[in-house]
>>> print(open('query13.txt').read())   # compact mmCIF, C-alpha atoms and all ligand atoms
# COMPACT_ATOMS: atom_id res chain seq x y z
CA MET A 1 234.32 -31.08 165.78
CA THR A 2 235.65 -33.16 162.88
CA ASN A 3 234.13 -36.30 161.46
CA ARG A 4 236.85 -38.24 163.21
CA ASP A 5 235.66 -36.95 166.66
CA ILE A 6 232.10 -38.25 166.19
CA ASP A 7 231.50 -41.46 168.13
CA TYR A 8 229.33 -43.38 165.66
CA GLY A 9 228.93 -46.24 168.12
CA LYS A 10 227.33 -44.00 170.75
CA GLN A 11 225.17 -42.32 168.13
CA LEU A 12 223.90 -45.68 166.97
CA VAL A 13 223.08 -46.79 170.53
CA ALA A 14 221.24 -43.48 171.19
CA SER A 15 219.25 -43.80 167.96
CA VAL A 16 218.27 -47.40 168.66
CA ALA A 17 217.29 -46.50 172.24
CA GLY A 18 215.21 -43.55 170.95
CA LEU A 19 213.43 -45.73 168.39
CA ALA A 20 212.78 -48.43 170.99
CA LEU A 21 211.32 -45.83 173.37
CA ALA A 22 209.07 -44.38 170.63
CA ALA A 23 207.94 -47.88 169.64
CA GLY A 24 207.27 -48.68 173.31
CA ILE A 25 205.17 -45.52 173.77
CA LEU A 26 203.19 -46.28 170.59
CA LYS A 27 202.62 -49.84 171.75
CA VAL A 28 201.37 -48.73 175.19
CA LYS A 29 199.12 -46.15 173.51
CA LYS A 30 197.71 -48.81 171.19
CA VAL A 31 197.02 -51.15 174.11
CA LEU A 32 195.32 -48.39 176.13
CA ASP A 33 193.33 -47.26 173.06
CA THR A 34 191.98 -50.79 172.52
CA PRO A 35 188.95 -51.33 174.78
CA SER A 36 189.29 -54.33 177.08
CA ARG A 37 185.92 -54.86 178.72
CA THR A 38 183.52 -54.96 175.80
CA TYR A 39 179.84 -55.74 176.34
CA ILE A 40 179.06 -59.19 174.90
CA PRO A 41 175.37 -59.85 174.15
CA GLY A 42 174.00 -62.95 175.83
CA GLU A 43 176.81 -63.16 178.39
CA ASN A 44 176.59 -61.62 181.84
CA THR A 45 179.45 -59.21 181.02
CA VAL A 46 178.01 -56.50 183.23
CA GLY A 47 177.43 -58.77 186.22
CA ALA A 48 180.91 -60.26 185.86
CA GLU A 49 182.58 -56.83 185.72
CA TYR A 50 180.76 -55.67 188.85
CA ASP A 51 181.51 -58.96 190.61
CA ALA A 52 185.21 -58.34 189.92
CA TRP A 53 185.07 -54.70 191.07
CA THR A 54 183.26 -55.75 194.25
CA GLU A 55 185.82 -58.45 195.04
CA GLU A 56 188.78 -56.13 194.40
CA GLU A 57 187.31 -53.65 196.93
CA ILE A 58 189.25 -50.78 195.38
CA LEU A 59 186.19 -49.14 193.79
CA GLU A 60 184.45 -49.15 197.17
CA TYR A 61 187.56 -47.72 198.82
CA TYR A 62 187.68 -44.66 196.59
CA TRP A 63 184.06 -44.29 195.46
CA GLY A 64 182.47 -45.38 198.73
CA GLU A 65 179.13 -47.15 198.62
CA HIS A 66 177.99 -45.16 195.59
CA ILE A 67 178.99 -46.13 192.06
CA HIS A 68 177.80 -42.92 190.47
CA LEU A 69 179.04 -39.37 190.01
CA GLY A 70 178.92 -36.69 192.67
CA TYR A 71 176.93 -33.46 192.76
CA TYR A 72 178.76 -30.11 192.98
CA ARG A 73 176.82 -26.91 193.64
CA ASP A 74 177.89 -23.59 192.12
CA GLU A 75 179.45 -22.54 195.44
CA ASP A 76 181.47 -25.80 195.59
CA LEU A 77 182.67 -25.23 192.03
CA ALA A 78 183.55 -21.59 192.76
CA LYS A 79 185.84 -22.82 195.56
CA GLY A 80 187.56 -25.25 193.18
CA ALA A 81 185.89 -28.46 194.42
CA GLY A 82 187.06 -31.57 192.62
CA THR A 83 190.24 -29.99 191.21
CA LEU A 84 193.75 -31.12 192.13
CA LEU A 85 194.27 -28.29 194.63
CA GLY A 86 190.60 -28.14 195.63
CA HIS A 87 190.42 -31.87 196.23
CA ARG A 88 189.50 -31.35 199.89
CA VAL A 89 186.97 -28.53 199.33
CA LYS A 90 184.30 -31.18 199.05
CA ASP A 91 184.81 -34.82 199.92
CA PHE A 92 184.38 -37.08 196.89
CA ILE A 93 182.06 -39.48 198.72
CA GLU A 94 180.05 -36.64 200.28
CA ALA A 95 179.47 -35.33 196.73
CA LYS A 96 177.81 -38.64 195.88
CA GLU A 97 175.56 -38.52 198.92
CA ASP A 98 174.57 -35.02 197.84
CA PHE A 99 173.79 -36.44 194.41
CA VAL A 100 171.27 -38.87 195.90
CA ASP A 101 169.59 -36.09 197.91
CA GLU A 102 169.45 -33.81 194.87
CA MET A 103 168.09 -36.57 192.63
CA TYR A 104 165.43 -37.42 195.20
CA ALA A 105 164.41 -33.75 195.46
CA TRP A 106 164.45 -33.28 191.66
CA SER A 107 162.23 -36.33 191.14
CA GLY A 108 159.39 -34.38 192.74
CA VAL A 109 158.13 -37.64 194.25
CA GLU A 110 156.72 -36.19 197.48
CA ALA A 111 154.73 -33.50 195.68
CA ASN A 112 153.53 -36.11 193.16
CA ASN A 113 152.54 -38.33 196.09
CA GLY A 114 150.24 -35.77 197.71
CA GLY A 115 152.97 -34.41 199.98
CA THR A 116 153.82 -37.80 201.48
CA LYS A 117 156.82 -40.06 201.18
CA PRO A 118 156.66 -43.02 198.79
CA LYS A 119 156.08 -46.32 200.61
CA LYS A 120 157.64 -48.70 198.13
CA ILE A 121 160.70 -47.78 196.06
CA LEU A 122 162.59 -49.82 193.50
CA ASP A 123 166.26 -49.02 192.80
CA VAL A 124 167.04 -50.46 189.37
CA GLY A 125 170.75 -51.32 189.00
CA CYS A 126 171.59 -50.67 192.66
CA GLY A 127 175.33 -51.45 192.76
CA ILE A 128 176.32 -52.15 196.37
CA GLY A 129 173.26 -50.20 197.43
CA GLY A 130 174.64 -46.81 198.52
CA ALA A 131 171.64 -44.93 197.14
CA THR A 132 169.20 -47.67 198.18
CA ARG A 133 170.31 -47.39 201.81
CA ARG A 134 170.41 -43.59 201.76
CA LEU A 135 166.89 -43.50 200.37
CA ALA A 136 165.76 -46.02 203.00
CA SER A 137 167.45 -44.40 205.98
CA LYS A 138 167.41 -40.69 205.16
CA CYS A 139 165.09 -39.74 202.31
CA VAL A 140 162.04 -41.84 203.19
CA GLY A 141 162.73 -43.48 206.56
CA PRO A 142 161.69 -46.73 208.25
CA ASP A 143 158.01 -46.70 207.22
CA SER A 144 159.00 -47.30 203.60
CA GLN A 145 160.71 -50.24 201.91
CA VAL A 146 163.42 -49.79 199.29
CA THR A 147 164.39 -52.73 197.08
CA GLY A 148 167.56 -52.75 194.99
CA ILE A 149 168.25 -55.05 192.05
CA THR A 150 171.54 -55.75 190.29
CA LEU A 151 172.99 -58.29 187.87
CA SER A 152 175.96 -58.90 190.18
CA SER A 153 175.54 -61.49 192.94
CA LYS A 154 178.63 -60.12 194.71
CA GLN A 155 177.11 -56.65 194.74
CA ALA A 156 173.80 -57.93 196.12
CA ALA A 157 175.66 -59.80 198.89
CA ARG A 158 177.80 -56.77 199.76
CA ALA A 159 174.75 -54.47 199.71
CA THR A 160 172.89 -56.81 202.08
CA ALA A 161 175.87 -57.05 204.44
CA LEU A 162 176.21 -53.25 204.56
CA ALA A 163 172.47 -52.82 205.26
CA GLU A 164 172.74 -55.27 208.15
CA ARG A 165 175.87 -53.65 209.51
CA GLN A 166 174.33 -50.17 209.27
CA GLY A 167 171.03 -51.29 210.81
CA ILE A 168 168.84 -50.46 207.82
CA PRO A 169 166.21 -53.25 207.71
CA ASN A 170 164.01 -51.45 205.19
CA ALA A 171 166.55 -51.88 202.35
CA ASP A 172 166.69 -55.26 200.62
CA PHE A 173 168.56 -56.54 197.59
CA GLN A 174 168.05 -59.13 194.87
CA VAL A 175 169.88 -60.36 191.81
CA MET A 176 167.46 -59.63 188.98
CA ASP A 177 167.62 -58.49 185.37
CA ALA A 178 166.01 -55.07 184.91
CA LEU A 179 164.87 -56.17 181.46
CA ALA A 180 162.87 -59.11 182.81
CA MET A 181 161.73 -58.12 186.28
CA THR A 182 159.58 -60.57 188.22
CA PHE A 183 157.64 -57.87 190.10
CA GLU A 184 153.91 -57.55 189.49
CA ASP A 185 152.60 -54.63 187.44
CA ASP A 186 151.87 -51.43 189.44
CA THR A 187 153.97 -52.38 192.49
CA PHE A 188 156.12 -49.36 193.37
CA ASP A 189 155.37 -45.74 194.30
CA MET A 190 158.74 -44.72 192.95
CA VAL A 191 161.15 -46.29 190.48
CA TRP A 192 164.69 -44.96 190.76
CA ALA A 193 167.50 -45.75 188.32
CA CYS A 194 170.90 -44.19 188.83
CA GLU A 195 173.57 -44.85 186.21
CA SER A 196 172.28 -48.26 185.17
CA GLY A 197 170.74 -47.32 181.79
CA GLU A 198 174.23 -47.08 180.28
CA HIS A 199 174.57 -50.87 180.52
CA MET A 200 171.17 -51.79 179.08
CA PRO A 201 171.26 -53.50 175.68
CA ASP A 202 167.59 -52.59 175.11
CA LYS A 203 166.75 -49.08 176.35
CA LYS A 204 163.08 -49.36 175.31
CA LYS A 205 162.61 -52.54 177.33
CA TYR A 206 164.44 -50.90 180.25
CA VAL A 207 162.01 -47.96 180.31
CA ASP A 208 158.96 -50.14 179.54
CA GLU A 209 159.75 -52.47 182.44
CA MET A 210 160.25 -49.62 184.90
CA VAL A 211 156.96 -48.04 183.83
CA ARG A 212 155.21 -51.41 184.06
CA VAL A 213 156.12 -51.96 187.72
CA LEU A 214 155.35 -48.35 188.69
CA LYS A 215 151.95 -47.72 190.33
CA PRO A 216 149.59 -45.22 188.69
CA GLY A 217 150.50 -41.84 190.17
CA GLY A 218 154.01 -43.14 190.92
CA THR A 219 157.22 -41.33 190.04
CA LEU A 220 159.96 -42.50 187.70
CA VAL A 221 163.39 -40.89 187.97
CA ILE A 222 166.44 -41.83 185.92
CA ALA A 223 170.01 -40.51 186.03
CA THR A 224 172.15 -41.78 183.17
CA TRP A 225 175.10 -40.97 180.93
CA CYS A 226 173.77 -39.94 177.54
CA GLN A 227 175.34 -39.09 174.24
CA ARG A 228 174.37 -35.85 172.49
CA HIS A 229 171.23 -35.92 170.41
CA ALA A 230 171.55 -36.48 166.66
CA PRO A 231 170.90 -34.69 164.30
CA PRO A 232 173.30 -33.17 163.62
CA GLU A 233 174.68 -36.59 162.75
CA LEU A 234 177.64 -37.84 164.75
CA THR A 235 180.94 -37.38 162.93
CA ALA A 236 183.36 -40.26 162.35
CA VAL A 237 185.61 -38.87 165.10
CA GLU A 238 182.69 -38.64 167.55
CA LYS A 239 181.62 -42.18 166.72
CA SER A 240 185.11 -43.46 167.36
CA LYS A 241 185.32 -41.66 170.71
CA LEU A 242 181.94 -43.06 171.72
CA GLN A 243 182.90 -46.57 170.65
CA PHE A 244 185.79 -46.52 173.12
CA LEU A 245 183.48 -45.27 175.89
CA TYR A 246 180.97 -48.00 175.12
CA ASP A 247 183.51 -50.77 174.95
CA GLU A 248 185.84 -50.01 177.82
CA TRP A 249 183.26 -50.37 180.60
CA ALA A 250 180.79 -52.92 179.21
CA HIS A 251 178.28 -50.52 177.68
CA PRO A 252 176.30 -51.73 174.65
CA TYR A 253 175.54 -48.13 173.53
CA PHE A 254 174.18 -44.82 174.85
CA ILE A 255 171.22 -42.72 173.71
CA SER A 256 170.33 -39.05 174.18
CA ILE A 257 168.28 -37.40 176.93
CA LYS A 258 165.63 -36.61 174.34
CA ASP A 259 165.52 -40.27 173.29
CA TYR A 260 164.96 -41.34 176.91
CA CYS A 261 162.11 -38.84 177.23
CA SER A 262 160.58 -40.17 174.01
CA LEU A 263 160.82 -43.75 175.26
CA ALA A 264 159.00 -42.79 178.46
CA THR A 265 156.35 -40.75 176.62
CA ASP A 266 155.89 -43.44 173.96
CA THR A 267 154.83 -45.98 176.60
CA GLY A 268 151.57 -44.00 176.57
CA ALA A 269 151.43 -44.54 180.32
CA MET A 270 153.48 -41.54 181.45
CA THR A 271 152.73 -37.89 181.89
CA ARG A 272 154.86 -34.83 182.79
CA VAL A 273 157.96 -36.42 181.30
CA GLU A 274 160.91 -34.04 181.46
CA GLY A 275 164.64 -34.21 180.93
CA ASP A 276 167.55 -32.15 182.18
CA ASP A 277 171.30 -32.10 181.71
CA TRP A 278 173.38 -32.16 184.92
CA THR A 279 176.79 -32.15 183.24
CA LYS A 280 177.77 -28.91 184.98
CA GLN A 281 176.88 -30.30 188.43
CA THR A 282 178.68 -33.63 187.92
CA ILE A 283 181.58 -33.25 185.50
CA VAL A 284 184.30 -32.57 188.06
CA SER A 285 183.66 -36.05 189.51
CA TRP A 286 185.73 -37.64 186.76
CA ARG A 287 188.93 -35.94 187.81
CA HIS A 288 187.98 -35.84 191.50
CA SER A 289 188.03 -39.62 191.32
CA ILE A 290 191.61 -39.51 190.00
CA TRP A 291 192.74 -36.94 192.61
CA ALA A 292 191.33 -39.15 195.35
CA GLY A 293 193.88 -41.76 194.26
CA VAL A 294 196.69 -39.24 193.88
CA TYR A 295 196.21 -38.03 197.47
CA ASP A 296 195.84 -41.55 198.85
CA PRO A 297 197.75 -43.91 196.52
CA ILE A 298 198.77 -46.67 198.95
CA PRO A 299 195.68 -48.88 198.43
CA VAL A 300 196.54 -49.07 194.71
CA PHE A 301 200.32 -49.32 195.09
CA SER A 302 199.98 -52.14 197.58
CA ARG A 303 197.97 -54.26 195.08
CA PRO A 304 200.16 -54.91 191.99
CA LYS A 305 197.41 -57.12 190.53
CA ILE A 306 195.19 -54.09 189.90
CA TRP A 307 197.84 -51.67 188.56
CA TYR A 308 197.08 -52.36 184.92
CA LYS A 309 193.30 -52.17 185.39
CA THR A 310 193.68 -48.96 187.40
CA LEU A 311 195.76 -47.40 184.63
CA ARG A 312 193.06 -48.32 182.13
CA ASP A 313 190.38 -46.86 184.40
CA ILE A 314 192.29 -43.57 184.72
CA VAL A 315 192.49 -43.34 180.92
CA CYS A 316 188.75 -44.01 180.61
CA LEU A 317 187.86 -41.54 183.39
CA GLU A 318 189.79 -38.83 181.56
CA ARG A 319 188.26 -39.71 178.19
CA MET A 320 184.80 -39.58 179.77
CA ARG A 321 185.56 -36.16 181.24
CA ARG A 322 186.67 -34.86 177.86
CA ALA A 323 183.59 -36.25 176.10
CA PHE A 324 181.28 -34.57 178.65
CA GLY A 325 183.36 -31.36 178.46
CA GLU A 326 183.03 -31.10 174.69
CA GLY A 327 179.30 -31.88 174.67
CA LEU A 328 179.58 -35.29 173.05
CA MET A 329 178.22 -36.76 176.29
CA GLN A 330 175.59 -35.27 178.60
CA TYR A 331 174.49 -36.18 182.11
CA GLY A 332 170.87 -37.13 181.60
CA MET A 333 168.15 -36.67 184.20
CA ILE A 334 164.68 -37.89 183.27
CA ARG A 335 161.52 -37.80 185.38
CA GLY A 336 157.83 -38.43 184.92
CA VAL A 337 154.64 -39.61 186.57
CA LYS A 338 152.56 -42.65 185.65
CA LYS A 339 149.06 -41.73 184.57
CA GLU A 340 146.26 -42.54 187.05
C1 LIG A 401 177.28 -47.77 187.61
S1 LIG A 401 176.52 -48.97 188.61
C2 LIG A 401 175.37 -47.94 189.47
C3 LIG A 401 175.09 -48.48 190.83
C4 LIG A 401 174.11 -47.76 191.70
N1 LIG A 401 172.93 -47.32 191.00
C5 LIG A 401 174.72 -46.64 192.45
O1 LIG A 401 174.19 -45.56 192.29
O2 LIG A 401 175.65 -46.83 193.21
C6 LIG A 401 175.49 -49.87 187.45
C7 LIG A 401 174.62 -50.92 188.10
O3 LIG A 401 173.63 -51.31 187.15
C8 LIG A 401 173.46 -52.70 187.27
N2 LIG A 401 172.88 -53.24 186.03
C9 LIG A 401 173.32 -53.10 184.78
N3 LIG A 401 172.54 -53.77 183.92
C10 LIG A 401 171.55 -54.33 184.67
C11 LIG A 401 170.42 -55.14 184.38
N4 LIG A 401 170.13 -55.52 183.13
N5 LIG A 401 169.65 -55.53 185.39
C12 LIG A 401 169.91 -55.17 186.67
N6 LIG A 401 170.96 -54.39 187.01
C13 LIG A 401 171.77 -53.99 186.02
C14 LIG A 401 174.85 -53.23 187.53
O4 LIG A 401 174.79 -54.55 188.03
C15 LIG A 401 175.33 -52.20 188.53
O5 LIG A 401 174.90 -52.56 189.80
>>> encode(input="query13.txt", output="structure tokens", more="lines below")
Ligand SMILES: C[S@@+](CC[C@H](N)C(=O)[O-])C[C@H]1O[C@@H](n2cnc3c(N)ncnc32)[C@H](O)[C@@H]1O
Amino acid sequence: MTNRDIDYGKQLVASVAGLALAAGILKVKKVLDTPSRTYIPGENTVGAEYDAWTEEEILEYYWGEHIHLGYYRDEDLAKGAGTLLGHRVKDFIEAKEDFVDEMYAWSGVEANNGGTKPKKILDVGCGIGGATRRLASKCVGPDSQVTGITLSSKQAARATALAERQGIPNADFQVMDALAMTFEDDTFDMVWACESGEHMPDKKKYVDEMVRVLKPGGTLVIATWCQRHAPPELTAVEKSKLQFLYDEWAHPYFISIKDYCSLATDTGAMTRVEGDDWTKQTIVSWRHSIWAGVYDPIPVFSRPKIWYKTLRDIVCLERMRRAFGEGLMQYGMIRGVKKE
């Protein structure tokens, strides 16, 4: 080919198109890397986010009544549960119901309660009440009362409607701030908190309040996303990854499992405080959530208004999975008993 054969016009168009594409990709990356739902102190950011999710109905469609991760036993994992091809090995929503049953068992509440079921349970940060209703209908039954609290009025309304529809009169719901609960001291036989601690701007107050309303001899059980314990100090890269995870889904900050245990112990009112890490049992949930949408995409495709938010959520789900996979995040389980 000679210089005369080269079509400079076409080359110029191809170069400009290539540059425009690269600039477009960088722009999209920058937008997706910039958190959009940052926690703002003093504003009901958390309640507003959950109001929006409840109204959109898409979270309930894919995640069911439970806004928390699922539980996968070794045998589920061995069969590939939660992976793209193993998507149907274990149903995503069934994994969440299993989580509630496993958390209830792990809490040790019945043994702590002299072999009997707790009569009054508080579910702190109850979402649309999936766990509250499962506790009320399956774990403890009609002789007990389970109360769920949330910052989102839409969630409380949806939770109440579902309890009525499902015929579960012993589950009730209120809009209440976990950091300023209006319950009397020593009210509940069990205080249950599943994936609400992440949103709390004051973790000490969160734990103090839950311990306050727990009866002597009562059981506290918390499941929450934690960051790894420091020291060793977090690196600049780790801090930047965490900052995105805080800011994308209205989280003020996270703490470690050990820090939660210290907060409970430091109340001076708790005994037998223990922590565990359930990352192995829960981590496939992040991608299972994405595969649920891949196998059943119509609900998203038919709602153009949520496309952008869904894309952002997929990015955050994957970043969460990576952070748990590399040990920057851990799935914290904390339990303890209030001293008599
Ligand atoms: C990830 S969802 C978990 C929902 C529920 N525990 C479940 O298992 O389905 C977090 C919940 O915590 C609630 N929450 C966050 N901060 C709260 C606060 N300060 N007081 C009461 N609820 C709060 C939110 O309103 C939301 O219902």
>>> residues_near_point(input="query13.txt", point="(168.7, -34.9, 197.8)", cutoff="12 Å", atoms="only C-alpha atoms", output="list of chain:residue names")
A:Gly70, A:Tyr71, A:Glu94, A:Ala95, A:Lys96, A:Glu97, A:Asp98, A:Phe99, A:Val100, A:Asp101, A:Glu102, A:Met103, A:Tyr104, A:Ala105, A:Trp106, A:Ser107, A:Gly108, A:Val109, A:Ala131, A:Arg134, A:Leu135, A:Lys138, A:Cys139, A:Val140
>>> atom_distance(input="query13.txt", atom1="CA of Val191 in chain A", atom2="CA of Leu245 in chain A")
26.7 Å
>>> residues_around(input="query13.txt", residues="Gly130 in chain A", least_positions_apart="5", cutoff="10 Å", atoms="only C-alpha atoms", output="count of residues only")
14
>>> residues_near_ligand(input="query13.txt", ligand="ligand LIG 401 (chain A)", cutoff="9 Å", atoms="all atoms listed in the file", output="PyMOL selection string")
chain A and resi 44+46-51+64-69+96+100+123-132+148-153+155-156+175-181+192-202+206+223
>>> closest_atom_pairs(input="query13.txt", of="range 168-226 of chain A", to="range 269-273 of chain A", cutoff="9 Å", atoms="all atoms listed in the file", output="Markdown table")
| residue | atom | partner | partner_atom | distance |
| --- | --- | --- | --- | --- |
| A:Val211 | CA | A:Ala269 | CA | 7.4 |
| A:Arg212 | CA | A:Ala269 | CA | 8.7 |
| A:Pro216 | CA | A:Ala269 | CA | 8.6 |
>>> write_last_selection(input="query13.txt", atoms="C-alpha atoms", output="PDB file, in the coordinates of the input")
ATOM      1  CA  VAL A 211     156.960 -48.040 183.830  1.00  0.00           C
ATOM      2  CA  ARG A 212     155.210 -51.410 184.060  1.00  0.00           C
ATOM      3  CA  PRO A 216     149.590 -45.220 188.690  1.00  0.00           C
TER       4      PRO A 216
END
>>> closest_atom_pairs(input="query13.txt", of="range 155-227 of chain A", to="range 276-291 of chain A", cutoff="12 Å", atoms="only C-alpha atoms", output="Markdown table")
| residue | atom | partner | partner_atom | distance |
| --- | --- | --- | --- | --- |
| A:Val221 | CA | A:Asp276 | CA | 11.3 |
| A:Ile222 | CA | A:Asp276 | CA | 10.4 |
| A:Ala223 | CA | A:Trp278 | CA | 9.1 |
| A:Thr224 | CA | A:Asp277 | CA | 9.8 |
| A:Trp225 | CA | A:Thr279 | CA | 9.3 |
| A:Cys226 | CA | A:Asp277 | CA | 9.2 |
| A:Gln227 | CA | A:Asp277 | CA | 11.0 |
>>> atom_distance(input="query13.txt", atom1="CA of Pro297 in chain A", atom2="CA of Val31 in chain A")
23.6 Å
>>> axis_aligned_box(input="query13.txt", around="range 318-327 of chain A", padding_each_side="8 Å", output="lines of an AutoDock Vina configuration file")
center_x = 184.5
center_y = -35.4
center_z = 178.1
size_x = 26.5
size_y = 24.6
size_z = 22.9
>>> closest_residue(input="query13.txt", among="A:Gly217, A:Pro231, A:Gly141, A:Pro299", to="Glu57 in chain A", atoms="only C-alpha atoms")
A:Pro299
>>> atom_distance(input="query13.txt", atom1="CA of Gly218 in chain A", atom2="CA of Tyr260 in chain A")
17.9 Å
>>> residues_around(input="query13.txt", residues="Ala81 in chain A", least_positions_apart="2", cutoff="10 Å", atoms="all atoms listed in the file", output="mmCIF file with C-alpha atoms, keeping the file's coordinate frame")
data_model
loop_
_atom_site.group_PDB
_atom_site.id
_atom_site.type_symbol
_atom_site.label_atom_id
_atom_site.label_comp_id
_atom_site.auth_asym_id
_atom_site.auth_seq_id
_atom_site.Cartn_x
_atom_site.Cartn_y
_atom_site.Cartn_z
ATOM 1 C CA TYR A 72 178.760 -30.110 192.980
ATOM 2 C CA ARG A 73 176.820 -26.910 193.640
ATOM 3 C CA ASP A 74 177.890 -23.590 192.120
ATOM 4 C CA GLU A 75 179.450 -22.540 195.440
ATOM 5 C CA ASP A 76 181.470 -25.800 195.590
ATOM 6 C CA LEU A 77 182.670 -25.230 192.030
ATOM 7 C CA ALA A 78 183.550 -21.590 192.760
ATOM 8 C CA LYS A 79 185.840 -22.820 195.560
ATOM 9 C CA THR A 83 190.240 -29.990 191.210
ATOM 10 C CA LEU A 84 193.750 -31.120 192.130
ATOM 11 C CA LEU A 85 194.270 -28.290 194.630
ATOM 12 C CA GLY A 86 190.600 -28.140 195.630
ATOM 13 C CA HIS A 87 190.420 -31.870 196.230
ATOM 14 C CA ARG A 88 189.500 -31.350 199.890
ATOM 15 C CA VAL A 89 186.970 -28.530 199.330
ATOM 16 C CA LYS A 90 184.300 -31.180 199.050
ATOM 17 C CA ASP A 91 184.810 -34.820 199.920
ATOM 18 C CA PHE A 92 184.380 -37.080 196.890
ATOM 19 C CA ALA A 95 179.470 -35.330 196.730
ATOM 20 C CA VAL A 284 184.300 -32.570 188.060
ATOM 21 C CA SER A 285 183.660 -36.050 189.510
ATOM 22 C CA HIS A 288 187.980 -35.840 191.500
#
>>> closest_atom_pairs(input="query13.txt", of="range 33-79 of chain A", to="range 304-309 of chain A", cutoff="12 Å", atoms="only C-alpha atoms", output="Markdown table")
| residue | atom | partner | partner_atom | distance |
| --- | --- | --- | --- | --- |
| A:Pro35 | CA | A:Lys309 | CA | 11.5 |
| A:Ser36 | CA | A:Lys309 | CA | 9.5 |
| A:Arg37 | CA | A:Lys309 | CA | 10.3 |
| A:Glu49 | CA | A:Lys309 | CA | 11.7 |
| A:Ala52 | CA | A:Ile306 | CA | 10.8 |
| A:Trp53 | CA | A:Ile306 | CA | 10.2 |
| A:Glu55 | CA | A:Ile306 | CA | 11.5 |
| A:Glu56 | CA | A:Ile306 | CA | 8.1 |
| A:Glu57 | CA | A:Ile306 | CA | 10.6 |
| A:Ile58 | CA | A:Ile306 | CA | 8.7 |
| A:Leu59 | CA | A:Ile306 | CA | 11.0 |
>>> residues_near_point(input="query13.txt", point="(189.6, -43.0, 203.4)", cutoff="10 Å", atoms="all atoms listed in the file", output="ChimeraX atom specification")
/A:61-64,93,292,296,299
>>> residues_around(input="query13.txt", residues="Glu248 in chain A", least_positions_apart="4", cutoff="9 Å", atoms="only C-alpha atoms", output="VMD selection string")
chain A and resid 34 to 39 243 to 244 312 to 313 316
>>> residues_around(input="query13.txt", residues="Lys215 in chain A", least_positions_apart="2", cutoff="8 Å", atoms="all atoms listed in the file", output="list in words")
Asp185, Asp186, Thr187, Phe188, Asp189, Met190, Arg212, Val213, Gly217, Gly218 and Lys338 of chain A
>>> closest_residue(input="query13.txt", among="A:Gly268, A:Gly24, A:Pro118, A:Gly82", to="Asp208 in chain A", atoms="only C-alpha atoms")
A:Gly268
>>> closest_residue(input="query13.txt", among="A:Ala236, A:Ile255, A:Leu12, A:Ile121", to="Met329 in chain A", atoms="only C-alpha atoms")
A:Ile255
